[in-house]
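*Asks:* This is entry-v5.txt (compact mmCIF, C-alpha atoms).
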# COMPACT_ATOMS: atom_id res chain seq x y z
CA MET E 1 10.89 1.97 23.28
CA LYS E 2 14.43 2.69 22.20
CA LYS E 3 15.68 2.50 18.62
CA LEU E 4 18.67 0.22 18.07
CA THR E 5 20.68 0.02 14.88
CA LEU E 6 21.23 -3.51 13.56
CA LEU E 7 24.35 -4.92 15.11
CA ALA E 8 27.30 -6.81 13.72
CA ALA E 9 27.31 -10.55 13.12
CA ALA E 10 27.90 -13.41 15.52
CA ALA E 11 28.11 -17.23 15.77
CA ALA E 12 28.78 -20.04 13.30
CA VAL E 13 26.69 -21.88 10.74
CA ALA E 14 24.52 -24.67 12.14
CA MET E 15 25.26 -28.29 11.37
CA SER E 16 22.45 -30.09 13.17
CA ALA E 17 19.10 -29.65 14.84
CA ASN E 18 16.27 -32.07 15.47
CA ALA E 19 13.22 -30.15 16.69
CA GLN E 20 10.01 -30.64 14.75
CA TYR E 21 10.03 -27.38 12.83
CA VAL E 22 13.76 -26.64 12.77
CA VAL E 23 15.70 -27.02 9.55
CA GLU E 24 19.19 -28.50 9.70
CA ASP E 25 20.89 -25.40 8.28
CA ALA E 26 19.73 -21.81 8.66
CA GLY E 27 21.08 -20.81 5.24
CA LEU E 28 19.10 -20.04 2.09
CA GLN E 29 19.99 -23.15 0.08
CA PRO E 30 18.00 -25.62 2.23
CA VAL E 31 14.90 -23.50 1.60
CA LEU E 32 15.46 -23.62 -2.16
CA ASP E 33 16.17 -27.36 -1.97
CA LYS E 34 13.11 -28.28 0.10
CA GLY E 35 10.80 -28.73 -2.86
CA GLU E 36 8.67 -25.73 -1.92
CA ASN E 37 9.49 -24.15 -5.30
CA ALA E 38 9.34 -20.80 -3.54
CA ALA E 39 8.48 -17.98 -5.95
CA VAL E 40 7.97 -14.93 -3.71
CA PHE E 41 10.12 -13.73 -0.78
CA TYR E 42 9.51 -11.00 1.79
CA THR E 43 12.94 -10.30 3.29
CA PHE E 44 13.38 -8.57 6.66
CA LEU E 45 16.88 -9.56 7.77
CA LEU E 46 18.84 -11.21 4.97
CA ASP E 47 22.28 -10.55 3.51
CA GLN E 48 22.60 -8.81 0.17
CA ASN E 49 24.34 -11.77 -1.50
CA SER E 50 21.34 -13.98 -0.77
CA ILE E 51 18.91 -11.33 -2.00
CA ALA E 52 20.91 -11.02 -5.24
CA GLU E 53 20.86 -14.81 -5.58
CA LEU E 54 17.08 -14.85 -5.27
CA LYS E 55 16.65 -12.13 -7.88
CA ASN E 56 19.06 -13.83 -10.28
CA ALA E 57 16.98 -17.00 -9.91
CA GLY E 58 13.88 -15.10 -11.03
CA LYS E 59 12.23 -14.86 -7.63
CA THR E 60 9.99 -11.93 -6.70
CA VAL E 61 11.59 -10.20 -3.71
CA TYR E 62 9.93 -7.61 -1.47
CA GLU E 63 12.81 -6.02 0.46
CA TYR E 64 11.68 -4.85 3.90
CA ALA E 65 14.93 -4.42 5.79
CA THR E 66 15.09 -1.80 8.54
CA ASN E 67 15.73 1.58 6.95
CA ASP E 68 16.06 4.12 9.81
CA GLU E 69 13.02 5.93 8.37
CA THR E 70 9.85 3.87 8.72
CA ARG E 71 11.10 0.40 9.78
CA TRP E 72 13.07 -0.07 12.98
CA LEU E 73 14.26 -2.64 15.43
CA TYR E 74 12.93 -1.30 18.73
CA ILE E 75 14.28 -2.32 22.13
CA TRP E 76 12.17 -1.78 25.22
CA GLU E 77 14.32 0.62 27.20
CA ASN E 78 17.37 -1.11 28.76
CA THR E 79 15.86 -4.60 28.59
CA PHE E 80 18.53 -5.61 26.08
CA ILE E 81 22.00 -4.27 25.47
CA ALA E 82 24.21 -4.80 22.43
CA GLY E 83 25.62 -8.32 22.25
CA ASP E 84 28.96 -9.60 21.01
CA GLY E 85 28.87 -9.64 17.20
CA THR E 86 32.27 -10.81 16.05
CA ALA E 87 31.71 -13.94 13.95
CA PRO E 88 29.86 -14.34 10.62
CA GLY E 89 26.11 -14.69 10.47
CA VAL E 90 24.11 -17.25 8.50
CA ASP E 91 25.95 -18.52 5.40
CA PHE E 92 29.13 -16.86 6.74
CA GLN E 93 27.85 -13.45 5.70
CA THR E 94 29.06 -10.30 7.43
CA ASP E 95 26.30 -7.87 6.41
CA GLY E 96 25.25 -7.74 10.06
CA HIS E 97 22.57 -9.40 12.11
CA VAL E 98 20.96 -8.84 15.51
CA ALA E 99 23.06 -9.73 18.57
CA LEU E 100 21.55 -8.88 21.96
CA THR E 101 22.27 -9.52 25.65
CA VAL E 102 19.56 -9.49 28.32
CA GLY E 103 19.86 -6.51 30.66
CA ASN E 104 19.16 -6.28 34.39
CA LEU E 105 15.50 -5.14 34.48
CA GLY E 106 14.07 -8.63 35.03
CA TRP E 107 12.55 -8.90 31.55
CA SER E 108 13.56 -8.29 27.94
CA GLY E 109 11.71 -7.43 24.77
CA ALA E 110 12.23 -6.06 21.26
CA GLY E 111 10.37 -5.82 17.99
CA PHE E 112 10.80 -5.24 14.28
CA ASN E 113 8.29 -2.49 13.55
CA GLN E 114 6.79 -0.86 10.47
CA ASN E 115 5.55 2.48 11.76
CA LYS E 116 2.58 4.48 10.55
CA ASP E 117 4.52 7.10 8.59
CA GLY E 118 4.22 6.61 4.85
CA VAL E 119 3.01 3.47 3.15
CA GLY E 120 3.08 0.18 5.02
CA MET E 121 4.33 -3.16 3.76
CA ASP E 122 2.52 -4.91 0.92
CA PHE E 123 1.30 -8.16 2.47
CA THR E 124 -1.51 -8.83 -0.02
CA GLY E 125 0.15 -12.10 -1.01
CA LEU E 126 0.17 -13.71 2.44
CA SER E 127 -1.82 -16.91 2.91
CA ASP E 128 -1.84 -20.09 4.99
CA GLU E 129 0.82 -21.45 2.60
CA THR E 130 3.24 -18.60 3.37
CA ARG E 131 6.22 -19.84 5.37
CA LEU E 132 8.23 -18.10 8.08
CA HIS E 133 12.01 -18.62 8.13
CA LEU E 134 13.76 -17.40 11.28
CA GLY E 135 17.43 -18.08 11.98
CA TYR E 136 18.72 -17.95 15.56
CA SER E 137 21.74 -18.82 17.70
CA ALA E 138 23.79 -17.52 20.63
CA ALA E 139 27.56 -17.14 20.72
CA SER E 140 27.62 -17.95 24.45
CA ASN E 141 25.25 -18.23 27.42
CA PRO E 142 22.12 -18.64 25.25
CA VAL E 143 18.63 -17.74 26.43
CA LYS E 144 16.55 -20.82 27.26
CA SER E 145 13.34 -19.63 25.67
CA ILE E 146 12.24 -17.04 23.12
CA GLY E 147 8.64 -15.88 22.95
CA ILE E 148 7.71 -14.75 19.43
CA THR E 149 4.78 -12.57 18.38
CA LEU E 150 4.22 -12.61 14.62
CA LEU E 151 2.20 -10.03 12.63
CA ASP E 152 0.83 -7.81 15.41
CA ARG E 153 -0.90 -5.28 13.17
CA ASP E 154 -1.74 -1.63 13.88
CA LYS E 155 -4.55 0.31 12.31
CA LYS E 156 -2.94 3.34 10.72
CA ASN E 157 -5.62 5.82 11.79
CA ALA E 158 -9.25 6.16 12.80
CA ASP E 159 -10.30 6.07 9.13
CA ASP E 160 -8.83 2.60 8.60
CA LYS E 161 -11.93 0.55 7.83
CA THR E 162 -10.14 -2.73 7.21
CA GLU E 163 -12.21 -5.50 8.74
CA ILE E 164 -9.33 -7.95 9.21
CA ALA E 165 -8.96 -8.75 12.89
CA ASN E 166 -5.63 -8.18 14.59
CA THR E 167 -4.92 -11.75 15.66
CA PRO E 168 -1.15 -12.32 15.75
CA ALA E 169 0.53 -15.67 16.24
CA HIS E 170 2.30 -16.41 19.53
CA PHE E 171 4.82 -19.23 19.79
CA SER E 172 8.07 -20.20 21.51
CA ILE E 173 11.55 -21.32 20.57
CA GLY E 174 13.12 -23.54 23.20
CA ALA E 175 11.12 -24.02 26.39
CA PRO E 176 7.44 -22.97 26.11
CA PHE E 177 7.16 -19.25 26.88
CA THR E 178 4.45 -17.96 29.24
CA ASP E 179 3.12 -14.42 28.95
CA ASN E 180 0.15 -13.00 30.87
CA GLY E 181 -0.83 -16.48 31.99
CA GLU E 182 -0.84 -17.93 28.45
CA THR E 183 1.75 -20.56 27.50
CA TRP E 184 2.80 -20.36 23.87
CA PRO E 185 3.54 -23.59 21.92
CA SER E 186 7.16 -24.38 21.12
CA VAL E 187 8.19 -24.86 17.48
CA GLY E 188 11.96 -25.24 17.74
CA ALA E 189 14.92 -26.30 19.83
CA ALA E 190 16.54 -23.88 22.27
CA PRO E 191 19.36 -21.67 20.91
CA THR E 192 22.90 -23.02 20.90
CA ASP E 193 26.17 -21.67 19.54
CA GLU E 194 25.23 -23.06 16.11
CA TRP E 195 22.78 -21.45 13.70
CA GLN E 196 19.38 -23.11 13.52
CA ALA E 197 16.17 -21.96 11.84
CA VAL E 198 12.46 -22.32 12.42
CA ASP E 199 10.83 -22.92 9.04
CA ILE E 200 7.05 -23.27 9.32
CA SER E 201 3.94 -22.40 7.34
CA PHE E 202 1.34 -19.96 8.63
CA GLY E 203 -1.17 -22.80 8.36
CA ASP E 204 0.87 -24.93 10.74
CA LEU E 205 1.20 -21.98 13.12
CA LYS E 206 -2.60 -21.71 13.12
CA LYS E 207 -2.86 -25.39 14.08
CA LEU E 208 -0.58 -24.75 17.05
CA TYR E 209 -2.08 -21.35 17.93
CA PRO E 210 -5.67 -21.33 16.60
CA LYS E 211 -6.23 -17.62 17.35
CA PHE E 212 -3.81 -16.68 14.57
CA ALA E 213 -5.38 -15.18 11.43
CA VAL E 214 -3.37 -14.32 8.32
CA GLN E 215 -3.68 -10.63 7.39
CA PRO E 216 -3.34 -10.09 3.59
CA VAL E 217 -3.44 -6.29 3.45
CA ALA E 218 -1.54 -3.85 1.23
CA ASP E 219 -0.73 -1.15 3.78
CA TRP E 220 0.45 -3.22 6.75
CA THR E 221 1.93 -1.50 9.83
CA GLY E 222 2.82 -2.75 13.30
CA ASN E 223 5.27 -5.18 14.91
CA TYR E 224 5.80 -7.78 12.22
CA LEU E 225 8.05 -9.81 14.54
CA ALA E 226 8.52 -9.11 18.26
CA PHE E 227 10.39 -11.25 20.77
CA LEU E 228 10.72 -11.73 24.53
CA CYS E 229 13.66 -13.56 26.09
CA GLY E 230 13.08 -13.56 29.84
CA GLY E 231 15.00 -11.71 32.49
CA ILE E 232 18.24 -13.53 33.25
CA THR E 233 20.96 -10.91 32.98
CA GLY E 234 23.79 -11.76 30.58
CA GLN E 235 21.98 -14.36 28.47
CA ASN E 236 22.38 -13.89 24.72
CA ILE E 237 20.39 -14.22 21.51
CA GLU E 238 21.24 -13.66 17.83
CA LEU E 239 18.77 -13.47 14.94
CA ASP E 240 19.43 -13.61 11.20
CA ALA E 241 17.87 -14.82 7.93
CA ILE E 242 14.36 -13.62 8.76
CA TYR E 243 11.95 -13.76 5.84
CA PHE E 244 8.60 -15.05 4.59
CA TYR E 245 8.38 -17.05 1.38
CA GLN E 246 5.52 -18.21 -0.77
CA PRO E 247 5.39 -21.48 -2.72
CA LYS E 248 4.86 -21.08 -6.46
CA GLY E 249 1.21 -20.91 -7.40
CA GLU E 250 0.25 -19.52 -3.98
CA SER E 251 1.45 -15.96 -4.40
CA GLY E 252 -1.81 -14.42 -3.26
CA ILE E 253 -3.71 -11.41 -4.57
CA SER E 254 -2.18 -9.45 -7.44
CA ASN E 255 -4.23 -6.30 -6.90
CA ILE E 256 -6.13 -5.15 -3.84
CA ASP E 257 -8.11 -2.02 -3.12
CA MET E 258 -8.96 -0.70 0.34
CA GLY E 259 -11.07 2.32 1.11
CA LYS E 260 -13.47 4.21 -1.13
CA ALA E 261 -11.39 5.81 -3.88
CA GLU E 262 -11.26 3.84 -7.15
CA ILE E 263 -7.69 3.88 -8.49
CA ILE E 264 -7.39 3.81 -12.28
CA VAL E 265 -4.15 3.63 -14.28
CA THR E 266 -4.33 4.91 -17.87
CA GLY E 267 -1.13 5.31 -19.86
CA LYS E 268 1.10 7.64 -17.85
CA THR E 269 -1.55 8.77 -15.38
CA VAL E 270 -2.98 7.50 -12.09
CA SER E 271 -6.37 8.89 -11.16
CA ALA E 272 -8.65 8.42 -8.16
CA SER E 273 -11.91 10.31 -8.34
CA GLY E 274 -12.51 12.39 -5.23
CA ALA E 275 -9.12 11.68 -3.65
CA LYS E 276 -7.36 14.55 -1.90
CA HIS E 277 -3.88 13.02 -2.06
CA ILE E 278 -2.17 10.38 -4.23
CA ALA E 279 1.28 8.93 -3.62
CA LEU E 280 3.36 6.40 -5.57
CA TYR E 281 5.77 4.11 -3.68
CA ASP E 282 8.22 1.43 -4.73
CA LEU E 283 8.00 -2.01 -3.13
CA THR E 284 10.41 -1.03 -0.34
CA GLY E 285 8.08 1.79 0.75
CA LYS E 286 10.14 4.66 -0.71
CA THR E 287 8.05 7.57 -2.00
CA ILE E 288 8.53 8.02 -5.76
CA LYS E 289 5.99 10.78 -6.47
CA ALA E 290 3.12 12.42 -4.62
CA VAL E 291 0.52 15.08 -5.33
CA ASP E 292 -2.30 16.82 -3.49
CA GLY E 293 -5.20 16.06 -5.79
CA SER E 294 -6.87 13.23 -7.66
CA ILE E 295 -4.46 12.81 -10.63
CA LEU E 296 -0.79 11.78 -10.52
CA GLY E 297 1.39 11.84 -13.64
CA LEU E 298 3.79 8.94 -14.24
CA ASN E 299 6.15 10.66 -16.70
CA GLY E 300 9.73 9.81 -15.82
CA VAL E 301 8.76 6.85 -13.62
CA PRO E 302 10.73 3.73 -14.66
CA ALA E 303 8.74 0.68 -15.70
CA GLY E 304 7.98 -1.72 -12.87
CA LEU E 305 5.60 -2.67 -10.09
CA TYR E 306 4.58 0.05 -7.62
CA ILE E 307 2.09 0.78 -4.86
CA VAL E 308 -0.39 3.65 -5.21
CA LYS E 309 -2.13 5.12 -2.18
CA ALA E 310 -5.08 7.46 -2.76
CA ASP E 311 -6.38 8.68 0.60
CA ASN E 312 -7.18 5.34 2.34
CA SER E 313 -7.23 3.24 -0.85
CA VAL E 314 -4.18 1.19 -1.78
CA ARG E 315 -3.45 -0.74 -4.95
CA LYS E 316 -0.47 -2.33 -6.68
CA VAL E 317 0.04 -1.00 -10.21
CA LEU E 318 2.27 -1.93 -13.11
CA VAL E 319 3.95 0.98 -14.88
CA LYS E 320 4.95 0.10 -18.43
Produce structure tokens that represent the structure in this file.

*Replies:*
Amino acid sequence: MKKLTLLAAAAAVAMSANAQYVVEDAGLQPVLDKGENAAVFYTFLLDQNSIAELKNAGKTVYEYATNDETRWLYIWENTFIAGDGTAPGVDFQTDGHVALTVGNLGWSGAGFNQNKDGVGMDFTGLSDETRLHLGYSAASNPVKSIGITLLDRDKKNADDKTEIANTPAHFSIGAPFTDNGETWPSVGAAPTDEWQAVDISFGDLKKLYPKFAVQPVADWTGNYLAFLCGGITGQNIELDAIYFYQPKGESGISNIDMGKAEIIVTGKTVSASGAKHIALYDLTGKTIKAVDGSILGLNGVPAGLYIVKADNSVRKVLVK
């Protein structure tokens, strides 16, 4: 696969859509107005103004934008080329969103990927109540169907003993998408030159695609959202405002341990008996401190919520 930097914006804000799981406007405000009382957001492709708005409103935000280090947008070689990104994205923002044009290989595919280097994403809070928000449009010549694979998890290494099955969701936007003889259910209208958004709970996705199983793990790696758009050369797709959100009261597990090492936080020290390596990460996956050994000092670490990984054990910790 080929790495592609996020591209500039394209297309206008949506005014109407009538498919079963499509919201009328792809912007953030309809989500906040829906009555979901969303308390927790996992943002993958969202403008900085909207992220600041969420934080100012007291929401918990896990920022998982591509970072050119461990999270990428990958393009299967030459299946897409850069699209025309000249107009604002969702909510008229110009931070940049994905704009792609189908190449000439007879198929097209790409994926947002958290690779196995460093700590994965903290998805301990995911549940059937978690909702996916996915904005999409096309400035011109839109694709007729988008096949989406959601939460296709990797095991990080042979020592990963997590018993959660890798059972991603498969669904379509526009015409039902067929892959390897399986037709995926459609959850939204086909792209147009106006922004639309699929907004659907994981529980509803499971009703449509029963093989799907939510994966609430703390060290998640893999393709968290991959997409296929067929093989008609010159057709276009744009994506923006991609995030999960969790209704208040359904924020999931506050602490989770995986593996054998018991992680203990005492004052300004993290210890894990028998561990050979301990690392402290912020919620974006950035390494804050690391040590080869079973004790990690927290002196100089600002107060806040962090992720500790001791060998194959992972836990969220609060530094005071």

*Asks:* Can you list, as an MDAnalysis selection string, every protein, DNA or RNA residue that comes within 7 Å of segment 167-178 of chain E when you count only C-alpha atoms, leaving out same-chain residues fewer than 6 positions away?

*Replies:* chainID E and resid 144:152 184:191 209 211:213

*Asks:* Report, in Å to a single decimal, how far apart atom CA of Lys268 of chain E and atom CA of Gly118 of chain E are.

*Replies:* 22.9 Å

*Asks:* Which one of E:His133, E:Thr60, E:His97, E:Gly83 sits closest to Pro30 of chain E if you count all atoms listed in the file?

*Replies:*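 Checking each of E:His133, E:Thr60, E:His97, E:Gly83 against Pro30 of chain E, counting all atoms listed in the file, the winner is E:His133.
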
*Asks:* Using only C-alpha atoms, pick whichever of E:Ser201, E:Ser50, E:Asn180, E:Gln246 has the shortest atom-to-atom distance to Gln29 of chain E.

*Replies:*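 For Gln29 of chain E, the nearest of the candidates is E:Ser50.
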
*Asks:* With distances taken over all atoms listed in the file, which of E:Asp154, E:Glu238, E:Asp179, E:Asp68 is nearest to Tyr136 of chain E?

*Replies:*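 Using all atoms listed in the file, Tyr136 of chain E sits closest to E:Glu238.
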
*Asks:* Could the centre and edge lengths of an axis-aligned box, enclosing all atoms of segment 53-71 of chain E in the file with 6 Å extra on each side, be given in Å to one decimal as lines of an AutoDock Vina configuration file?

*Replies:*
center_x = 15.4
center_y = -5.5
center_z = -0.6
size_x = 23.0
size_y = 34.9
size_z = 32.8

*Asks:* Counting only C-alpha atoms, write as number ranges by chain all protein and nucleic acid residues lying at most 12 Å from (10.6, 10.9, -5.7) in the file's frame.

*Replies:* E: 279-282, 285-291, 298-302

*Asks:* Could you list as a ChimeraX atom specification every residue that has an atom within 9 Å of (15.6, -14.3, 9.1), using the file's coordinates and counting all atoms listed in the file?

*Replies:* /E:26,43-46,132-136,197,239-244

*Asks:* Using C-alpha atoms, can you export the residues from the last selection as a PDB file, in the coordinates of the input?

*Replies:*
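Once written, again33.pdb looks like this:
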ATOM      1  CA  ALA E  26      19.730 -21.810   8.660  1.00  0.00           C
ATOM      2  CA  THR E  43      12.940 -10.300   3.290  1.00  0.00           C
ATOM      3  CA  PHE E  44      13.380  -8.570   6.660  1.00  0.00           C
ATOM      4  CA  LEU E  45      16.880  -9.560   7.770  1.00  0.00           C
ATOM      5  CA  LEU E  46      18.840 -11.210   4.970  1.00  0.00           C
ATOM      6  CA  LEU E 132       8.230 -18.100   8.080  1.00  0.00           C
ATOM      7  CA  HIS E 133      12.010 -18.620   8.130  1.00  0.00           C
ATOM      8  CA  LEU E 134      13.760 -17.400  11.280  1.00  0.00           C
ATOM      9  CA  GLY E 135      17.430 -18.080  11.980  1.00  0.00           C
ATOM     10  CA  TYR E 136      18.720 -17.950  15.560  1.00  0.00           C
ATOM     11  CA  ALA E 197      16.170 -21.960  11.840  1.00  0.00           C
ATOM     12  CA  LEU E 239      18.770 -13.470  14.940  1.00  0.00           C
ATOM     13  CA  ASP E 240      19.430 -13.610  11.200  1.00  0.00           C
ATOM     14  CA  ALA E 241      17.870 -14.820   7.930  1.00  0.00           C
ATOM     15  CA  ILE E 242      14.360 -13.620   8.760  1.00  0.00           C
ATOM     16  CA  TYR E 243      11.950 -13.760   5.840  1.00  0.00           C
ATOM     17  CA  PHE E 244       8.600 -15.050   4.590  1.00  0.00           C
TER      18      PHE E 244
END

*Asks:* Using only C-alpha atoms, which residues sit within 7 Å of Val270 of chain E once same-chain residues fewer than 5 positions away are excluded, as a list in words?

*Replies:*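 Residues near the query, excluding close chain neighbours: Ile263, Ile264, Val265, Ile295, Leu296 and Gly297 of chain E.
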
*Asks:* Looking at only C-alpha atoms, which of E:Thr101, E:Thr130, E:Thr183, E:Gln215 is the one that sits closest to Phe202 of chain E?

*Replies:*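 Smallest distance to Phe202 of chain E is found for E:Thr130.
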
*Asks:* Determine, counting all atoms listed in the file, which protein, DNA and RNA residues have an atom within 9 Å of an atom of segment 112-116 of chain E; residues of the same chain fewer than 3 positions away are not included. Present the result as a PyMOL selection string.

*Replies:* chain E and resi 44+66+69-74+119-121+154-157+220-227

*Asks:* Counting only C-alpha atoms, what is within 9 Å of Asn78 of chain E, bar same-chain residues fewer than 4 positions away, as a count of residues only?

*Replies:* 6

*Asks:* Could you tell me how far atom CA of Ala110 of chain E sits from atom CA of Leu228 of chain E, in Å to one decimal place?

*Replies:* 6.7 Å

*Asks:* Measure the distance from atom CA of Asn56 of chain E to atom CA of Gly304 of chain E in Å and round it to one decimal.

*Replies:*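 Atom CA of Gly304 of chain E lies 16.6 Å from atom CA of Asn56 of chain E.
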
*Asks:* My list of candidates is E:Thr86, E:Tyr245, E:Leu100, E:Asn236. Which is closest to Leu32 of chain E when distances are computed with all atoms listed in the file?

*Replies:*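 Of the candidates, the smallest distance to Leu32 of chain E is held by E:Tyr245.
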
*Asks:* Taking all atoms listed in the file into account, name the residue in E:Pro216, E:Gly203, E:Gly293, E:Gly230 that is nearest to Arg131 of chain E.

*Replies:*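 The closest residue to Arg131 of chain E is E:Gly203.
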